[in-house]
$ cat work.cif   # mmCIF, C-alpha atoms
data_protein
loop_
_atom_site.label_atom_id
_atom_site.label_comp_id
_atom_site.auth_asym_id
_atom_site.auth_seq_id
_atom_site.Cartn_x
_atom_site.Cartn_y
_atom_site.Cartn_z
CA MET A 1 54.22 108.45 145.81
CA ASN A 2 53.85 105.71 143.21
CA ILE A 3 54.96 106.31 139.65
CA GLU A 4 53.41 103.96 137.20
CA ILE A 5 54.61 103.64 133.60
CA LYS A 6 52.62 101.62 131.15
CA VAL A 7 54.14 100.52 127.83
CA ASP A 8 51.67 98.93 125.44
CA GLU A 9 54.17 97.68 122.90
CA LEU A 10 57.97 97.63 122.73
CA SER A 11 59.96 96.75 119.60
CA LEU A 12 63.35 97.59 118.11
CA ASN A 13 61.70 100.47 116.24
CA THR A 14 60.29 102.05 119.39
CA ILE A 15 61.60 105.61 119.77
CA VAL A 16 63.03 106.16 123.24
CA ALA A 17 64.79 109.53 122.94
CA ASP A 18 65.45 112.55 120.77
CA VAL A 19 69.00 113.34 119.63
CA VAL A 20 69.59 116.98 120.47
CA SER A 21 72.44 119.12 119.17
CA PHE A 22 73.29 122.78 119.45
CA ASP A 23 73.72 125.24 116.61
CA GLU A 24 76.41 127.92 116.39
CA ASP A 25 74.33 130.27 118.59
CA GLY A 26 74.03 127.63 121.29
CA ASP A 27 70.34 127.00 120.63
CA PRO A 28 69.24 123.36 120.87
CA TYR A 29 67.62 121.58 117.94
CA THR A 30 66.46 118.01 117.39
CA GLU A 31 68.80 116.18 115.03
CA GLY A 32 67.04 112.82 115.05
CA THR A 33 65.70 110.10 117.29
CA LYS A 34 67.08 107.07 119.15
CA THR A 35 65.32 103.76 118.94
CA VAL A 36 65.66 100.61 121.00
CA ALA A 37 67.66 99.16 118.08
CA ASP A 38 70.16 102.06 118.32
CA LEU A 39 70.66 101.44 122.03
CA VAL A 40 71.04 97.68 121.54
CA ALA A 41 73.58 98.23 118.75
CA THR A 42 75.55 100.64 120.95
CA GLN A 43 75.67 98.07 123.76
CA ILE A 44 76.81 95.33 121.36
CA VAL A 45 79.59 97.51 119.93
CA ASN A 46 80.76 98.55 123.41
CA ARG A 47 81.02 94.92 124.49
CA LEU A 48 82.72 93.77 121.28
CA VAL A 49 85.36 96.49 121.38
CA LYS A 50 86.45 95.29 124.82
CA ASP A 51 86.79 91.68 123.58
CA ASP A 52 90.21 90.20 122.71
CA GLN A 53 88.87 88.97 119.38
CA TRP A 54 87.82 92.47 118.27
CA LYS A 55 90.60 92.94 115.69
CA ARG A 56 89.91 89.60 114.01
CA LEU A 57 86.17 90.23 114.05
CA ARG A 58 86.66 93.74 112.67
CA GLU A 59 88.75 92.36 109.79
CA GLN A 60 86.07 89.76 109.04
CA VAL A 61 83.37 92.43 109.00
CA LEU A 62 85.45 94.63 106.70
CA ASP A 63 86.10 91.67 104.37
CA ILE A 64 82.38 90.86 104.25
CA ARG A 65 81.59 94.53 103.58
CA THR A 66 84.12 94.63 100.76
CA GLU A 67 82.69 91.49 99.17
CA GLU A 68 79.13 92.79 99.44
CA ILE A 69 80.10 96.10 97.83
CA ARG A 70 81.98 94.25 95.09
CA ALA A 71 78.96 91.99 94.45
CA ALA A 72 76.63 94.99 94.30
CA VAL A 73 78.87 97.02 91.97
CA ARG A 74 79.98 94.15 89.70
CA PRO A 75 76.85 94.10 87.48
CA SER A 76 77.18 97.84 86.83
CA ILE A 77 80.83 97.45 85.88
CA ASP A 78 80.08 94.49 83.60
CA GLU A 79 77.30 96.47 81.94
CA ALA A 80 79.55 99.50 81.44
CA LEU A 81 82.29 97.35 79.92
CA ALA A 82 79.90 95.63 77.48
CA ARG A 83 77.65 98.58 76.55
CA PRO A 84 78.35 99.98 73.08
CA ILE A 85 80.01 103.39 72.97
CA TYR A 86 81.54 105.60 70.30
CA LYS A 87 84.96 107.22 70.23
CA THR A 88 84.68 111.00 70.21
CA ASN A 89 86.91 113.97 69.59
CA THR A 90 87.56 116.74 72.10
CA TYR A 91 84.21 118.33 71.18
CA GLY A 92 82.24 115.15 71.91
CA GLU A 93 81.53 114.47 68.25
CA ARG A 94 81.59 110.84 67.11
CA THR A 95 84.78 109.98 65.28
CA GLY A 96 84.65 106.22 64.90
CA GLN A 97 82.62 103.08 64.83
CA GLU A 98 80.73 101.55 67.72
CA THR A 99 82.98 99.83 70.26
CA THR A 100 82.92 98.85 73.93
CA LEU A 101 84.81 100.13 76.93
CA ALA A 102 86.46 96.69 77.30
CA GLU A 103 87.84 96.96 73.74
CA LEU A 104 89.15 100.48 74.40
CA ILE A 105 90.88 99.36 77.61
CA SER A 106 92.43 96.39 75.80
CA GLU A 107 93.63 98.63 72.97
CA GLU A 108 95.19 101.13 75.40
CA ALA A 109 96.93 98.31 77.30
CA ARG A 110 98.45 97.00 74.04
CA LYS A 111 99.65 100.53 73.18
CA GLN A 112 101.17 100.97 76.66
CA LEU A 113 103.08 97.69 76.46
CA ALA A 114 104.50 98.54 73.03
CA GLU A 115 105.30 102.16 73.86
CA PRO A 116 108.93 103.08 74.65
CA ALA A 117 109.51 103.52 78.36
CA ASP A 118 111.50 106.69 77.72
CA ARG A 119 110.06 108.70 74.84
CA TYR A 120 113.31 110.58 74.31
CA ARG A 121 115.56 107.52 74.01
CA SER A 122 113.93 104.31 72.78
CA GLU A 123 117.08 102.15 73.00
CA LYS A 124 116.06 101.10 76.51
CA GLY A 125 113.06 99.24 75.10
CA THR A 126 109.35 99.20 75.74
CA VAL A 127 107.61 99.17 79.11
CA LEU A 128 107.05 95.42 78.76
CA GLN A 129 110.68 94.74 77.80
CA GLN A 130 111.95 96.73 80.77
CA ALA A 131 109.61 94.89 83.15
CA VAL A 132 110.80 91.52 81.83
CA ARG A 133 114.46 92.61 82.04
CA ALA A 134 114.03 93.73 85.64
CA GLU A 135 112.41 90.41 86.66
CA VAL A 136 115.08 88.36 84.86
CA LYS A 137 117.82 90.41 86.51
CA LYS A 138 116.25 89.97 89.94
CA ALA A 139 115.88 86.20 89.44
CA PHE A 140 119.46 85.92 88.13
CA GLU A 141 120.88 87.89 91.07
CA THR A 142 119.00 85.64 93.47
CA GLU A 143 120.34 82.51 91.76
CA ILE A 144 123.91 83.87 91.82
CA ALA A 145 123.63 84.79 95.50
CA ASP A 146 122.34 81.29 96.31
CA ALA A 147 125.14 79.65 94.30
CA VAL A 148 127.81 81.80 96.00
CA GLN A 149 126.35 81.02 99.43
CA LYS A 150 126.37 77.28 98.73
CA ALA A 151 129.95 77.46 97.45
CA ARG A 152 130.99 79.43 100.52
CA GLU A 153 129.42 76.89 102.85
CA LEU A 154 131.07 74.02 100.99
CA VAL A 155 134.51 75.68 101.10
CA VAL A 156 134.14 76.55 104.78
CA ALA A 157 133.13 72.98 105.54
CA GLU A 158 136.07 71.54 103.61
CA LEU A 159 138.90 73.99 104.31
CA GLY A 160 138.02 76.06 107.34
CA GLY A 161 137.20 79.73 107.92
CA ASP A 162 140.24 81.86 106.97
CA LEU A 163 141.18 80.03 103.79
CA ALA A 164 137.51 79.78 102.87
CA GLU A 165 137.12 83.57 103.02
CA ARG A 166 139.98 84.06 100.56
CA VAL A 167 138.55 81.44 98.18
CA VAL A 168 135.11 83.06 98.33
CA LYS A 169 136.57 86.46 97.48
CA VAL A 170 138.35 84.93 94.47
CA ALA A 171 135.15 83.15 93.39
CA VAL A 172 133.09 86.32 93.69
CA ALA A 173 135.66 88.27 91.71
CA GLY A 174 135.56 85.57 89.02
CA LEU A 175 131.77 85.67 88.84
CA LYS A 176 131.79 89.44 88.45
CA ARG A 177 133.99 89.13 85.38
#
$ encode --input "work.cif" --output "structure tokens"
Amino acid sequence: MNIEIKVDELSLNTIVADVVSFDEDGDPYTEGTKTVADLVATQIVNRLVKDDQWKRLREQVLDIRTEEIRAAVRPSIDEALARPIYKTNTYGERTGQETTLAELISEEARKQLAEPADRYRSEKGTVLQQAVRAEVKKAFETEIADAVQKARELVVAELGGDLAERVVKVAVAGLKR
């Protein structure tokens, strides 16, 4: 018995199988088709996943995807920021002059920076003032810790361990005052 198969044309778009699924009653139905391109892509993915470089390649593909999405969405965002809009009340009625979304965002950012961090007690300062204070405090603490460490190393080098520990404790107590 000889079986002869004749294929006139074969391309990536050639359909080679139906994708069959089953519904809740167990009856089969055709969900779609498989092409040569689908099978080739499946083989490529299977081989890549086994490769040692898969994680790096995956990250590169995700980075490229992110950049492509960003490039595609960027014009829409720029248009939305520049398009004229009107401020409205809660009923959607115009309440002000024409403005842009970029101007509204800028205005809200200025308000946020000038607004007290705690609405009940404003003596703590604005959001911006608190952020600056926190960064200055962090930088100051780092500088103090570095200075104390250098002083400790110098004392240990000059006087030795036990005496150096006592001097460091005195120095730290003096800095705290």
$ residues_near_point --input "work.cif" --point "(76.8, 105.5, 75.0)" --cutoff "10 Å" --atoms "all atoms listed in the file" --output "list in words"
Ala80, Arg83, Pro84, Ile85, Tyr86, Lys87, Glu98, Thr99, Thr100 and Leu101 of chain A
$ axis_aligned_box --input "work.cif" --around "stretch 23-42 of chain A" --padding-each-side "6 Å" --output "AutoDock Vina command-line options"
--center_x 70.9 --center_y 114.0 --center_z 118.5 --size_x 23.1 --size_y 44.6 --size_z 19.0
$ residues_around --input "work.cif" --residues "stretch 133-146 of chain A" --least-positions-apart "5" --cutoff "9 Å" --atoms "all atoms listed in the file" --output "JSON, numbers by chain"
{"A": [128, 151, 175]}
$ closest_residue --input "work.cif" --among "A:Thr35, A:Gln97, A:Thr90, A:Thr30" --to "A:Asn13" --atoms "only C-alpha atoms"
A:Thr35
$ resolve_selection --input "work.cif" --expression "the PyMOL selection byres ((chain A and resi 116) around 12)" --output "MDAnalysis selection string"
chainID A and resid 111:115 117:131
$ atom_distance --input "work.cif" --atom1 "atom CA of A:Asp63" --atom2 "atom CA of A:Asp51"
19.2 Å
$ atom_distance --input "work.cif" --atom1 "atom CA of A:Ala37" --atom2 "atom CA of A:Ile15"
9.0 Å
$ atom_distance --input "work.cif" --atom1 "atom CA of A:Thr33" --atom2 "atom CA of A:Val19"
5.2 Å
$ resolve_selection --input "work.cif" --expression "the PyMOL selection byres ((chain A and resi 12) around 12)" --output "list in words"
Glu9, Leu10, Ser11, Asn13, Thr14, Ile15, Val16, Lys34, Thr35, Val36, Ala37, Asp38, Leu39, Val40 and Ala41 of chain A
$ closest_residue --input "work.cif" --among "A:Leu81, A:Ala147, A:Val172, A:Leu48" --to "A:Ile105" --atoms "only C-alpha atoms"
A:Leu81
